[in-house]
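Peer 1: For reference, the structure I am asking about is given below.
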Amino acid sequence: MHNCVRIADDLFYLGGNDRRIALFESAYPVPRGVSYNSYLLTDEKTVLFDTVDLSVSDLFFENLAYALGGRALDYIVVHHMEPDHSAAFARVLEKYPSATVVTNQKVAQMLKNYFGFAGEVRLVKEGDTLSVGKRTLSFVFAPMVHWPEVMFTYIPEDGTLFSADAFGTFGALPGSVFADEVDFERDYLDDARRYYFNIVGKYGVQVQNVLKKAAGLEIKLVCPLHGPVWRKNFGWYLQKYLTWSAYEPEEKCAAVFYASVYGHTQNAAEIVASTIAQAGAKAKCYDVSVTHVSELIAEAFRCSHVVFASTTYNNGVFVNMENFLNDLKAHNFQNRKYALVENGSWAPQAGSLMDGFLSAGKNMEKIGEKVTVLSAVSEGSAQSLRALGKLIAEDMQK
Ligand code: FEO
């Protein structure tokens, strides 16, 4: 049965929630589920903005038919071709064959690649407009947020922005579709940060470019492809995006990441964290073999300081730490202060190997010398760990 929501004059939310999905993009755990958003504008012309993932497509088609109320579908605007938004595209055209596809050249090529679609497309370029009655659709290109074909649509008459993946988040919608009707900071912010850094975090420069374009628009309603719709206090969330995309830390805090096999490296990491805390600064430990790497990524980007403690394993860095470091590199990790702790029973070298990963990043600054633990923490290495913790705390308090 249809369950769509009128979110503004002539504008319907048609999406749905998947709370059974285990891994978003086959990579990211989503214990709070995810929503796939689609919207229908019913002006003199009717306009569908994107479709949904197959998991919620039955509901989507019921919503679309209900919101159309017997009218024809005139346009389908495709902002982004990732299948969590385009999977139902071919079926939309089967049901509404007279609809005109409105999109850009890159999307048109992907429609061909994904669906063998070779039908007519109304191609748009940056800044092009399309009148649909009382309103005008204005197209804003947003390459690499999150794929190269991505574009937004802005409706100047209403101040509505359809922002594709930007401003989206993991987490199903609870009933309301509006950010101001949930406790976003408590219930969604961690997921929004994890979504941002893991999905589009690599492309900070491109996100900054599109935020500059958005700064020139009067925005009253933001309709992303995942998560709640923003109609109040959007400036608060926009500020998060400005911070995240500039690779600036969100908070002065130390994330202490450790890879430990028998507990000695954990002990070393906790001595550093405890020293930082006793000096009055914030620190939090993470076992990289327990916490999912997507959470580690989000936390590394949130904090101003990061500590990496790893045992030496197979003459290298412990496997889960190495995976995390590779993922950080892939997401353009930069602009942080870092410290190193290594362990090894006969040939410790995890520290210099980790240093190789981290020092290659832009604007990365090492604090103190790496501390080496030989098998178990000794009086001597404990002293070095405490000195390192003190140095980090002092730096955070500058
Ligand atoms: Fe939600 Fe890039 O797709």
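A note on labels: chains of the structure tokens are A, B, ... as shown, every chain counts residues from 1, and ligands are counted from 1 in their shown order.
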If the limit is 6 Å from any atom of ligand 1, counting only C-alpha atoms and all ligand atoms, which residues qualify? Return them as a list in words.

Peer 2: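 These are the residues that qualify: Glu82, Asp84, His146 and Asp165 of chain A.
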
Peer 1: Write out as a VMD selection string the set of residues from segment 206-372 of chain A that DSSP, computed on the backbone, places in strand (DSSP E).

Peer 2: chain A and resid 221 to 223 251 to 259 283 to 287 303 to 313 316 to 317 337 to 343 365 to 366 371 to 372

Peer 1: Could you please take those selected residues and save N, CA and C atoms as a CSV table (one decimal), in the first residue's frame?

Peer 2:
chain,number,residue,atom,x,y,z
A,221,LEU,N,14.7,24.1,1.3
A,221,LEU,CA,14.4,22.7,1.5
A,221,LEU,C,15.5,21.9,0.8
A,222,VAL,N,16.1,21.0,1.5
A,222,VAL,CA,17.1,20.1,0.9
A,222,VAL,C,16.6,18.7,0.9
A,223,CYS,N,16.6,18.1,-0.3
A,223,CYS,CA,16.0,16.7,-0.5
A,223,CYS,C,17.1,15.8,-1.0
A,251,GLU,N,36.7,18.0,16.2
A,251,GLU,CA,36.9,18.2,17.6
A,251,GLU,C,38.4,18.0,18.0
A,252,LYS,N,38.8,18.7,19.1
A,252,LYS,CA,40.1,18.4,19.6
A,252,LYS,C,40.0,17.2,20.5
A,253,CYS,N,40.5,16.1,19.9
A,253,CYS,CA,40.4,14.8,20.7
A,253,CYS,C,41.4,13.9,20.0
A,254,ALA,N,41.7,12.8,20.8
A,254,ALA,CA,42.7,11.9,20.3
A,254,ALA,C,42.0,10.5,20.1
A,255,ALA,N,42.1,10.0,18.9
A,255,ALA,CA,41.6,8.6,18.7
A,255,ALA,C,42.8,7.7,18.7
A,256,VAL,N,42.7,6.7,19.6
A,256,VAL,CA,43.9,5.8,19.8
A,256,VAL,C,43.5,4.5,19.2
A,257,PHE,N,44.1,4.1,18.1
A,257,PHE,CA,43.7,2.9,17.3
A,257,PHE,C,44.8,1.9,17.6
A,258,TYR,N,44.4,0.7,18.1
A,258,TYR,CA,45.4,-0.3,18.4
A,258,TYR,C,45.1,-1.7,17.7
A,259,ALA,N,46.1,-2.4,17.4
A,259,ALA,CA,46.0,-3.8,16.9
A,259,ALA,C,46.9,-4.6,17.8
A,283,ALA,N,40.4,11.5,24.9
A,283,ALA,CA,41.0,10.3,24.2
A,283,ALA,C,40.0,9.2,24.2
A,284,LYS,N,40.1,8.4,23.1
A,284,LYS,CA,39.2,7.2,23.1
A,284,LYS,C,39.9,6.1,22.3
A,285,CYS,N,39.9,4.9,22.9
A,285,CYS,CA,40.6,3.7,22.3
A,285,CYS,C,39.7,2.9,21.4
A,286,TYR,N,40.3,2.4,20.3
A,286,TYR,CA,39.6,1.5,19.4
A,286,TYR,C,40.4,0.3,19.0
A,287,ASP,N,39.9,-0.8,19.2
A,287,ASP,CA,40.5,-2.1,18.7
A,287,ASP,C,40.2,-2.3,17.3
A,303,CYS,N,38.6,13.4,14.7
A,303,CYS,CA,39.5,13.9,15.8
A,303,CYS,C,40.7,14.7,15.2
A,304,SER,N,41.3,15.5,16.0
A,304,SER,CA,42.4,16.3,15.6
A,304,SER,C,43.7,15.5,15.7
A,305,HIS,N,43.8,14.5,16.6
A,305,HIS,CA,45.0,13.7,16.9
A,305,HIS,C,44.7,12.2,16.7
A,306,VAL,N,45.6,11.5,16.2
A,306,VAL,CA,45.4,10.1,16.0
A,306,VAL,C,46.6,9.3,16.4
A,307,VAL,N,46.5,8.3,17.2
A,307,VAL,CA,47.6,7.4,17.6
A,307,VAL,C,47.4,6.0,17.0
A,308,PHE,N,48.4,5.5,16.5
A,308,PHE,CA,48.4,4.2,15.9
A,308,PHE,C,49.4,3.3,16.6
A,309,ALA,N,48.8,2.2,17.2
A,309,ALA,CA,49.7,1.2,17.9
A,309,ALA,C,49.4,-0.1,17.3
A,310,SER,N,50.5,-0.7,16.8
A,310,SER,CA,50.4,-2.0,16.2
A,310,SER,C,51.5,-3.0,16.6
A,311,THR,N,51.1,-4.2,16.7
A,311,THR,CA,52.1,-5.3,16.8
A,311,THR,C,52.7,-5.5,15.5
A,312,THR,N,53.9,-6.0,15.4
A,312,THR,CA,54.6,-6.4,14.2
A,312,THR,C,54.1,-7.8,13.9
A,313,TYR,N,53.8,-8.1,12.6
A,313,TYR,CA,53.1,-9.4,12.3
A,313,TYR,C,53.6,-9.8,10.9
A,316,GLY,N,55.5,-7.3,9.1
A,316,GLY,CA,54.8,-6.1,8.7
A,316,GLY,C,53.9,-5.5,9.8
A,317,VAL,N,52.9,-4.7,9.3
A,317,VAL,CA,51.9,-4.2,10.3
A,317,VAL,C,50.8,-5.2,10.4
A,337,LYS,N,47.5,15.4,13.3
A,337,LYS,CA,48.7,15.1,14.0
A,337,LYS,C,48.7,13.6,14.5
A,338,TYR,N,49.8,12.9,14.3
A,338,TYR,CA,49.7,11.5,14.6
A,338,TYR,C,50.9,11.1,15.4
A,339,ALA,N,50.7,10.0,16.2
A,339,ALA,CA,51.8,9.4,17.0
A,339,ALA,C,51.8,7.9,16.8
A,340,LEU,N,53.0,7.3,17.1
A,340,LEU,CA,53.1,5.9,16.7
A,340,LEU,C,53.6,5.0,17.9
A,341,VAL,N,53.1,3.9,18.0
A,341,VAL,CA,53.5,2.9,19.0
A,341,VAL,C,53.7,1.6,18.3
A,342,GLU,N,54.8,0.9,18.5
A,342,GLU,CA,54.9,-0.4,17.8
A,342,GLU,C,55.3,-1.5,18.9
A,343,ASN,N,55.0,-2.7,18.5
A,343,ASN,CA,55.4,-3.8,19.4
A,343,ASN,C,56.0,-4.9,18.5
A,365,GLU,N,51.5,15.6,10.5
A,365,GLU,CA,52.6,16.0,11.4
A,365,GLU,C,52.7,15.0,12.5
A,366,LYS,N,53.9,14.4,12.6
A,366,LYS,CA,54.2,13.4,13.7
A,366,LYS,C,54.5,14.1,15.0
A,371,VAL,N,57.2,5.0,20.0
A,371,VAL,CA,57.5,4.2,21.2
A,371,VAL,C,57.6,2.7,20.8
A,372,THR,N,58.7,2.1,21.2
A,372,THR,CA,58.8,0.6,20.8
A,372,THR,C,58.6,-0.2,22.1

Peer 1: Give me every helix (DSSP H, G or I) residue in segment 105-291 of chain A, going by DSSP on the backbone, as JSON, numbers by chain.

Peer 2: {"A": [105, 106, 107, 108, 109, 110, 111, 112, 113, 114, 115, 179, 180, 181, 184, 185, 186, 187, 189, 190, 191, 192, 193, 194, 195, 196, 197, 198, 199, 200, 201, 202, 203, 204, 205, 206, 207, 208, 209, 210, 211, 212, 213, 214, 215, 234, 235, 236, 237, 238, 239, 240, 241, 242, 243, 244, 245, 264, 265, 266, 267, 268, 269, 270, 271, 272, 273, 274, 275, 276, 277, 278]}

Peer 1: What's around segment 14-29 of chain A at 6 Å? Count only C-alpha atoms, leave out sequence neighbours fewer than 2 positions away in its own chain, and write the answer as a ChimeraX atom specification.

Peer 2: /A:4,33-39,56,60,63,172

Peer 1: Now that the selection is made, can you save its residues with all heavy atoms as a PDB file, in the first residue's frame?

Peer 2:
ATOM      1  N   CYS A   4       3.236   7.541   0.794  1.00  0.00           N
ATOM      2  CA  CYS A   4       4.065   8.692   0.428  1.00  0.00           C
ATOM      3  C   CYS A   4       3.664   9.901   1.268  1.00  0.00           C
ATOM      4  O   CYS A   4       2.610   9.909   1.902  1.00  0.00           O
ATOM      5  CB  CYS A   4       3.994   8.984  -1.065  1.00  0.00           C
ATOM      6  SG  CYS A   4       2.387   9.427  -1.659  1.00  0.00           S
ATOM      7  N   GLY A  33      19.650   0.616   9.393  1.00  0.00           N
ATOM      8  CA  GLY A  33      18.995   0.604   8.092  1.00  0.00           C
ATOM      9  C   GLY A  33      19.394   1.795   7.232  1.00  0.00           C
ATOM     10  O   GLY A  33      20.352   2.524   7.526  1.00  0.00           O
ATOM     11  N   VAL A  34      18.658   1.968   6.146  1.00  0.00           N
ATOM     12  CA  VAL A  34      18.950   3.073   5.222  1.00  0.00           C
ATOM     13  C   VAL A  34      17.656   3.403   4.477  1.00  0.00           C
ATOM     14  O   VAL A  34      16.809   2.530   4.292  1.00  0.00           O
ATOM     15  CB  VAL A  34      20.086   2.679   4.242  1.00  0.00           C
ATOM     16  CG1 VAL A  34      19.666   1.561   3.294  1.00  0.00           C
ATOM     17  CG2 VAL A  34      20.605   3.870   3.467  1.00  0.00           C
ATOM     18  N   SER A  35      17.506   4.656   4.101  1.00  0.00           N
ATOM     19  CA  SER A  35      16.344   5.017   3.278  1.00  0.00           C
ATOM     20  C   SER A  35      16.819   5.339   1.870  1.00  0.00           C
ATOM     21  O   SER A  35      17.938   5.816   1.668  1.00  0.00           O
ATOM     22  CB  SER A  35      15.597   6.219   3.862  1.00  0.00           C
ATOM     23  OG  SER A  35      16.298   7.421   3.606  1.00  0.00           O
ATOM     24  N   TYR A  36      15.955   5.040   0.904  1.00  0.00           N
ATOM     25  CA  TYR A  36      16.202   5.388  -0.495  1.00  0.00           C
ATOM     26  C   TYR A  36      15.123   6.385  -0.863  1.00  0.00           C
ATOM     27  O   TYR A  36      13.932   6.054  -0.848  1.00  0.00           O
ATOM     28  CB  TYR A  36      16.118   4.148  -1.385  1.00  0.00           C
ATOM     29  CG  TYR A  36      17.108   3.073  -0.980  1.00  0.00           C
ATOM     30  CD1 TYR A  36      16.695   1.945  -0.278  1.00  0.00           C
ATOM     31  CD2 TYR A  36      18.464   3.203  -1.289  1.00  0.00           C
ATOM     32  CE1 TYR A  36      17.605   0.975   0.109  1.00  0.00           C
ATOM     33  CE2 TYR A  36      19.376   2.231  -0.897  1.00  0.00           C
ATOM     34  CZ  TYR A  36      18.938   1.124  -0.204  1.00  0.00           C
ATOM     35  OH  TYR A  36      19.840   0.173   0.184  1.00  0.00           O
ATOM     36  N   ASN A  37      15.545   7.610  -1.168  1.00  0.00           N
ATOM     37  CA  ASN A  37      14.582   8.692  -1.367  1.00  0.00           C
ATOM     38  C   ASN A  37      14.362   8.991  -2.844  1.00  0.00           C
ATOM     39  O   ASN A  37      15.318   8.996  -3.625  1.00  0.00           O
ATOM     40  CB  ASN A  37      15.066   9.965  -0.685  1.00  0.00           C
ATOM     41  CG  ASN A  37      15.335   9.780   0.799  1.00  0.00           C
ATOM     42  OD1 ASN A  37      14.933   8.779   1.392  1.00  0.00           O
ATOM     43  ND2 ASN A  37      16.018  10.725   1.404  1.00  0.00           N
ATOM     44  N   SER A  38      13.109   9.282  -3.158  1.00  0.00           N
ATOM     45  CA  SER A  38      12.749   9.732  -4.494  1.00  0.00           C
ATOM     46  C   SER A  38      11.639  10.760  -4.288  1.00  0.00           C
ATOM     47  O   SER A  38      10.952  10.739  -3.250  1.00  0.00           O
ATOM     48  CB  SER A  38      12.262   8.528  -5.308  1.00  0.00           C
ATOM     49  OG  SER A  38      11.611   8.969  -6.475  1.00  0.00           O
ATOM     50  N   TYR A  39      11.476  11.670  -5.236  1.00  0.00           N
ATOM     51  CA  TYR A  39      10.530  12.771  -5.042  1.00  0.00           C
ATOM     52  C   TYR A  39       9.734  12.991  -6.322  1.00  0.00           C
ATOM     53  O   TYR A  39      10.250  12.794  -7.436  1.00  0.00           O
ATOM     54  CB  TYR A  39      11.288  14.057  -4.687  1.00  0.00           C
ATOM     55  CG  TYR A  39      12.192  13.911  -3.480  1.00  0.00           C
ATOM     56  CD1 TYR A  39      13.526  13.508  -3.629  1.00  0.00           C
ATOM     57  CD2 TYR A  39      11.713  14.142  -2.188  1.00  0.00           C
ATOM     58  CE1 TYR A  39      14.362  13.361  -2.524  1.00  0.00           C
ATOM     59  CE2 TYR A  39      12.547  14.002  -1.076  1.00  0.00           C
ATOM     60  CZ  TYR A  39      13.863  13.609  -1.254  1.00  0.00           C
ATOM     61  OH  TYR A  39      14.697  13.457  -0.153  1.00  0.00           O
ATOM     62  N   VAL A  56      13.078  -1.476  -2.260  1.00  0.00           N
ATOM     63  CA  VAL A  56      11.872  -0.726  -1.884  1.00  0.00           C
ATOM     64  C   VAL A  56      11.073  -0.295  -3.130  1.00  0.00           C
ATOM     65  O   VAL A  56      10.239   0.596  -3.059  1.00  0.00           O
ATOM     66  CB  VAL A  56      12.208   0.513  -1.004  1.00  0.00           C
ATOM     67  CG1 VAL A  56      12.873   0.099   0.293  1.00  0.00           C
ATOM     68  CG2 VAL A  56      13.106   1.510  -1.738  1.00  0.00           C
ATOM     69  N   PHE A  60       7.678   2.073  -3.866  1.00  0.00           N
ATOM     70  CA  PHE A  60       7.930   3.262  -4.689  1.00  0.00           C
ATOM     71  C   PHE A  60       6.892   3.370  -5.822  1.00  0.00           C
ATOM     72  O   PHE A  60       6.334   4.453  -6.054  1.00  0.00           O
ATOM     73  CB  PHE A  60       9.363   3.181  -5.240  1.00  0.00           C
ATOM     74  CG  PHE A  60       9.628   4.079  -6.409  1.00  0.00           C
ATOM     75  CD1 PHE A  60       9.819   5.441  -6.243  1.00  0.00           C
ATOM     76  CD2 PHE A  60       9.681   3.557  -7.704  1.00  0.00           C
ATOM     77  CE1 PHE A  60      10.057   6.269  -7.326  1.00  0.00           C
ATOM     78  CE2 PHE A  60       9.923   4.377  -8.792  1.00  0.00           C
ATOM     79  CZ  PHE A  60      10.105   5.742  -8.605  1.00  0.00           C
ATOM     80  N   ASN A  63       3.614   4.390  -4.446  1.00  0.00           N
ATOM     81  CA  ASN A  63       3.670   5.814  -4.080  1.00  0.00           C
ATOM     82  C   ASN A  63       3.591   6.710  -5.308  1.00  0.00           C
ATOM     83  O   ASN A  63       2.895   7.732  -5.310  1.00  0.00           O
ATOM     84  CB  ASN A  63       4.979   6.117  -3.331  1.00  0.00           C
ATOM     85  CG  ASN A  63       4.966   5.598  -1.899  1.00  0.00           C
ATOM     86  OD1 ASN A  63       3.900   5.260  -1.377  1.00  0.00           O
ATOM     87  ND2 ASN A  63       6.122   5.524  -1.282  1.00  0.00           N
ATOM     88  N   ALA A 172      17.567   4.467   8.625  1.00  0.00           N
ATOM     89  CA  ALA A 172      16.212   4.522   8.072  1.00  0.00           C
ATOM     90  C   ALA A 172      15.453   5.694   8.692  1.00  0.00           C
ATOM     91  O   ALA A 172      15.834   6.206   9.748  1.00  0.00           O
ATOM     92  CB  ALA A 172      15.494   3.207   8.367  1.00  0.00           C
TER      93      ALA A 172
END

Peer 1: Neighbouring residues of Gly227 of chain A were defined as those with any atom within 7 Å, considering only C-alpha atoms; residues of the same chain fewer than 4 positions away were excluded. Please report them as a list in words.

Peer 2: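 Here the answer would be Ser35, Gly168, Thr169, Phe170, Gly171, Ala172 and Leu173 of chain A.
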
Peer 1: How far is it from atom CA of Asp395 of chain A to atom CA of Ala246 of chain A, in Å with one decimal?

Peer 2: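 Those two atoms sit 21.2 Å apart.
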
Peer 1: What's the separation between atom CA of Val182 of chain A and atom CA of Ile219 of chain A, in Å to one decimal place?

Peer 2: 20.3 Å

Peer 1: Between A:Phe162, A:Trp244, A:His80, A:Ala88, single out the one closest to Glu149 of chain A, counting only C-alpha atoms.

Peer 2: A:His80

Peer 1: Identify, on the basis of only C-alpha atoms, every residue whose closest approach to Ala281 of chain A does not exceed 8 Å; exclude the query and any residue fewer than 2 positions from it along the same chain; express the result as number ranges by chain.

Peer 2: A: 253, 276-279, 283, 393, 396-397

Peer 1: What lies within 12 Å of Val373 of chain A using only C-alpha atoms, ignoring chain neighbours under 5 positions off, as number ranges by chain?

Peer 2: A: 260, 264-269, 309-312, 340-351, 378-385

Peer 1: Limited to N, CA and C atoms, could you put the picked residues into a file as a PDB file, in the first residue's frame?

Peer 2:
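Contents of result_22.pdb, as written:
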ATOM      1  N   SER A 260      46.192  -5.489  18.538  1.00  0.00           N
ATOM      2  CA  SER A 260      46.864  -6.246  19.587  1.00  0.00           C
ATOM      3  C   SER A 260      46.458  -7.706  19.496  1.00  0.00           C
ATOM      4  N   HIS A 264      49.230  -6.961  24.905  1.00  0.00           N
ATOM      5  CA  HIS A 264      50.309  -6.068  25.325  1.00  0.00           C
ATOM      6  C   HIS A 264      50.267  -4.733  24.568  1.00  0.00           C
ATOM      7  N   THR A 265      49.932  -4.784  23.281  1.00  0.00           N
ATOM      8  CA  THR A 265      49.843  -3.531  22.512  1.00  0.00           C
ATOM      9  C   THR A 265      48.620  -2.736  22.967  1.00  0.00           C
ATOM     10  N   GLN A 266      47.565  -3.465  23.322  1.00  0.00           N
ATOM     11  CA  GLN A 266      46.386  -2.787  23.902  1.00  0.00           C
ATOM     12  C   GLN A 266      46.788  -2.058  25.175  1.00  0.00           C
ATOM     13  N   ASN A 267      47.563  -2.737  26.008  1.00  0.00           N
ATOM     14  CA  ASN A 267      48.030  -2.142  27.262  1.00  0.00           C
ATOM     15  C   ASN A 267      48.805  -0.852  26.980  1.00  0.00           C
ATOM     16  N   ALA A 268      49.685  -0.899  25.969  1.00  0.00           N
ATOM     17  CA  ALA A 268      50.480   0.285  25.607  1.00  0.00           C
ATOM     18  C   ALA A 268      49.553   1.420  25.143  1.00  0.00           C
ATOM     19  N   ALA A 269      48.584   1.081  24.286  1.00  0.00           N
ATOM     20  CA  ALA A 269      47.660   2.097  23.746  1.00  0.00           C
ATOM     21  C   ALA A 269      46.854   2.715  24.879  1.00  0.00           C
ATOM     22  N   ALA A 309      48.816   2.196  17.205  1.00  0.00           N
ATOM     23  CA  ALA A 309      49.654   1.250  17.943  1.00  0.00           C
ATOM     24  C   ALA A 309      49.443  -0.133  17.340  1.00  0.00           C
ATOM     25  N   SER A 310      50.522  -0.732  16.840  1.00  0.00           N
ATOM     26  CA  SER A 310      50.360  -2.046  16.210  1.00  0.00           C
ATOM     27  C   SER A 310      51.499  -2.976  16.568  1.00  0.00           C
ATOM     28  N   THR A 311      51.122  -4.214  16.717  1.00  0.00           N
ATOM     29  CA  THR A 311      52.132  -5.250  16.843  1.00  0.00           C
ATOM     30  C   THR A 311      52.722  -5.518  15.461  1.00  0.00           C
ATOM     31  N   THR A 312      53.940  -5.999  15.437  1.00  0.00           N
ATOM     32  CA  THR A 312      54.575  -6.407  14.168  1.00  0.00           C
ATOM     33  C   THR A 312      54.131  -7.835  13.863  1.00  0.00           C
ATOM     34  N   LEU A 340      52.955   7.288  17.065  1.00  0.00           N
ATOM     35  CA  LEU A 340      53.119   5.865  16.736  1.00  0.00           C
ATOM     36  C   LEU A 340      53.633   5.047  17.920  1.00  0.00           C
ATOM     37  N   VAL A 341      53.058   3.863  18.045  1.00  0.00           N
ATOM     38  CA  VAL A 341      53.544   2.885  19.029  1.00  0.00           C
ATOM     39  C   VAL A 341      53.659   1.555  18.291  1.00  0.00           C
ATOM     40  N   GLU A 342      54.768   0.883  18.491  1.00  0.00           N
ATOM     41  CA  GLU A 342      54.928  -0.433  17.845  1.00  0.00           C
ATOM     42  C   GLU A 342      55.295  -1.474  18.896  1.00  0.00           C
ATOM     43  N   ASN A 343      54.992  -2.711  18.547  1.00  0.00           N
ATOM     44  CA  ASN A 343      55.396  -3.822  19.408  1.00  0.00           C
ATOM     45  C   ASN A 343      56.047  -4.881  18.532  1.00  0.00           C
ATOM     46  N   GLY A 344      56.944  -5.637  19.121  1.00  0.00           N
ATOM     47  CA  GLY A 344      57.578  -6.740  18.403  1.00  0.00           C
ATOM     48  C   GLY A 344      58.399  -7.531  19.380  1.00  0.00           C
ATOM     49  N   SER A 345      58.364  -8.864  19.236  1.00  0.00           N
ATOM     50  CA  SER A 345      59.110  -9.686  20.194  1.00  0.00           C
ATOM     51  C   SER A 345      60.535  -9.937  19.739  1.00  0.00           C
ATOM     52  N   TRP A 346      60.801  -9.854  18.425  1.00  0.00           N
ATOM     53  CA  TRP A 346      62.185 -10.017  17.971  1.00  0.00           C
ATOM     54  C   TRP A 346      62.616  -8.999  16.914  1.00  0.00           C
ATOM     55  N   ALA A 347      61.702  -8.496  16.093  1.00  0.00           N
ATOM     56  CA  ALA A 347      62.141  -7.508  15.089  1.00  0.00           C
ATOM     57  C   ALA A 347      61.032  -6.469  14.898  1.00  0.00           C
ATOM     58  N   PRO A 348      60.819  -5.595  15.896  1.00  0.00           N
ATOM     59  CA  PRO A 348      59.719  -4.632  15.767  1.00  0.00           C
ATOM     60  C   PRO A 348      59.940  -3.679  14.598  1.00  0.00           C
ATOM     61  N   GLN A 349      58.958  -3.585  13.723  1.00  0.00           N
ATOM     62  CA  GLN A 349      59.093  -2.611  12.638  1.00  0.00           C
ATOM     63  C   GLN A 349      57.746  -2.065  12.174  1.00  0.00           C
ATOM     64  N   ALA A 350      56.680  -2.364  12.915  1.00  0.00           N
ATOM     65  CA  ALA A 350      55.353  -1.843  12.527  1.00  0.00           C
ATOM     66  C   ALA A 350      55.353  -0.317  12.534  1.00  0.00           C
ATOM     67  N   GLY A 351      56.107   0.295  13.469  1.00  0.00           N
ATOM     68  CA  GLY A 351      56.104   1.758  13.599  1.00  0.00           C
ATOM     69  C   GLY A 351      56.593   2.452  12.344  1.00  0.00           C
ATOM     70  N   SER A 378      57.295  -2.496  29.555  1.00  0.00           N
ATOM     71  CA  SER A 378      58.244  -2.516  30.682  1.00  0.00           C
ATOM     72  C   SER A 378      58.168  -1.171  31.408  1.00  0.00           C
ATOM     73  N   GLU A 379      58.890  -1.060  32.502  1.00  0.00           N
ATOM     74  CA  GLU A 379      58.942   0.244  33.201  1.00  0.00           C
ATOM     75  C   GLU A 379      59.444   1.325  32.253  1.00  0.00           C
ATOM     76  N   GLY A 380      60.466   0.962  31.470  1.00  0.00           N
ATOM     77  CA  GLY A 380      61.062   1.933  30.546  1.00  0.00           C
ATOM     78  C   GLY A 380      60.094   2.344  29.451  1.00  0.00           C
ATOM     79  N   SER A 381      59.440   1.357  28.798  1.00  0.00           N
ATOM     80  CA  SER A 381      58.532   1.726  27.697  1.00  0.00           C
ATOM     81  C   SER A 381      57.285   2.417  28.239  1.00  0.00           C
ATOM     82  N   ALA A 382      56.868   2.070  29.471  1.00  0.00           N
ATOM     83  CA  ALA A 382      55.709   2.745  30.079  1.00  0.00           C
ATOM     84  C   ALA A 382      56.008   4.227  30.255  1.00  0.00           C
ATOM     85  N   GLN A 383      57.235   4.498  30.649  1.00  0.00           N
ATOM     86  CA  GLN A 383      57.627   5.906  30.824  1.00  0.00           C
ATOM     87  C   GLN A 383      57.548   6.653  29.485  1.00  0.00           C
ATOM     88  N   SER A 384      58.023   6.010  28.435  1.00  0.00           N
ATOM     89  CA  SER A 384      57.976   6.626  27.095  1.00  0.00           C
ATOM     90  C   SER A 384      56.530   6.810  26.642  1.00  0.00           C
ATOM     91  N   LEU A 385      55.669   5.835  26.942  1.00  0.00           N
ATOM     92  CA  LEU A 385      54.246   5.929  26.545  1.00  0.00           C
ATOM     93  C   LEU A 385      53.575   7.089  27.277  1.00  0.00           C
TER      94      LEU A 385
END

Peer 1: Just to confirm, what's the straight-line distance from atom CA of Lys95 of chain A to atom CA of Val140 of chain A in Å (one decimal)?

Peer 2: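 Rounded to one decimal, the two atoms are 28.3 Å apart.
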
Peer 1: For a quick check of understanding, using only C-alpha atoms, which of A:Phe197, A:Phe12, A:Phe234, A:Phe49 has the smallest distance to His79 of chain A?

Peer 2: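 Closest residue, counting only C-alpha atoms: A:Phe49.
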
Peer 1: Might you pull out every residue within 8 Å of Leu242 of chain A, with only C-alpha atoms counted and same-chain residues fewer than 4 positions away left off, and present them as a PDB file with N, CA and C atoms, in the first residue's frame?

Peer 2:
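The result, written out as result05.pdb:
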ATOM      1  N   GLN A 208      33.786  20.693  -1.921  1.00  0.00           N
ATOM      2  CA  GLN A 208      33.955  22.131  -1.670  1.00  0.00           C
ATOM      3  C   GLN A 208      33.489  22.945  -2.881  1.00  0.00           C
ATOM      4  N   LEU A 211      29.787  23.077  -2.874  1.00  0.00           N
ATOM      5  CA  LEU A 211      29.292  23.892  -1.753  1.00  0.00           C
ATOM      6  C   LEU A 211      29.426  25.381  -2.085  1.00  0.00           C
ATOM      7  N   LEU A 238      25.178  22.161   7.008  1.00  0.00           N
ATOM      8  CA  LEU A 238      26.071  22.667   5.966  1.00  0.00           C
ATOM      9  C   LEU A 238      27.457  22.933   6.546  1.00  0.00           C
ATOM     10  N   ALA A 246      36.725  20.089   3.999  1.00  0.00           N
ATOM     11  CA  ALA A 246      38.023  20.773   4.079  1.00  0.00           C
ATOM     12  C   ALA A 246      39.050  19.917   4.827  1.00  0.00           C
TER      13      ALA A 246
END

Peer 1: With only C-alpha atoms as the atoms that count, which of A:Ala215, A:Ala192, A:Ile271, A:Leu391 lies nearest to Ala298 of chain A?

Peer 2: A:Ala192

Peer 1: Go through A:Gly235, A:Gly159, A:Pro174, A:Pro31 one by one, measure the shortest atom-to-atom distance of each to Leu217 of chain A using only C-alpha atoms, and give the residue with the smallest value.

Peer 2: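 The answer is A:Gly159, which sits nearest to Leu217 of chain A.
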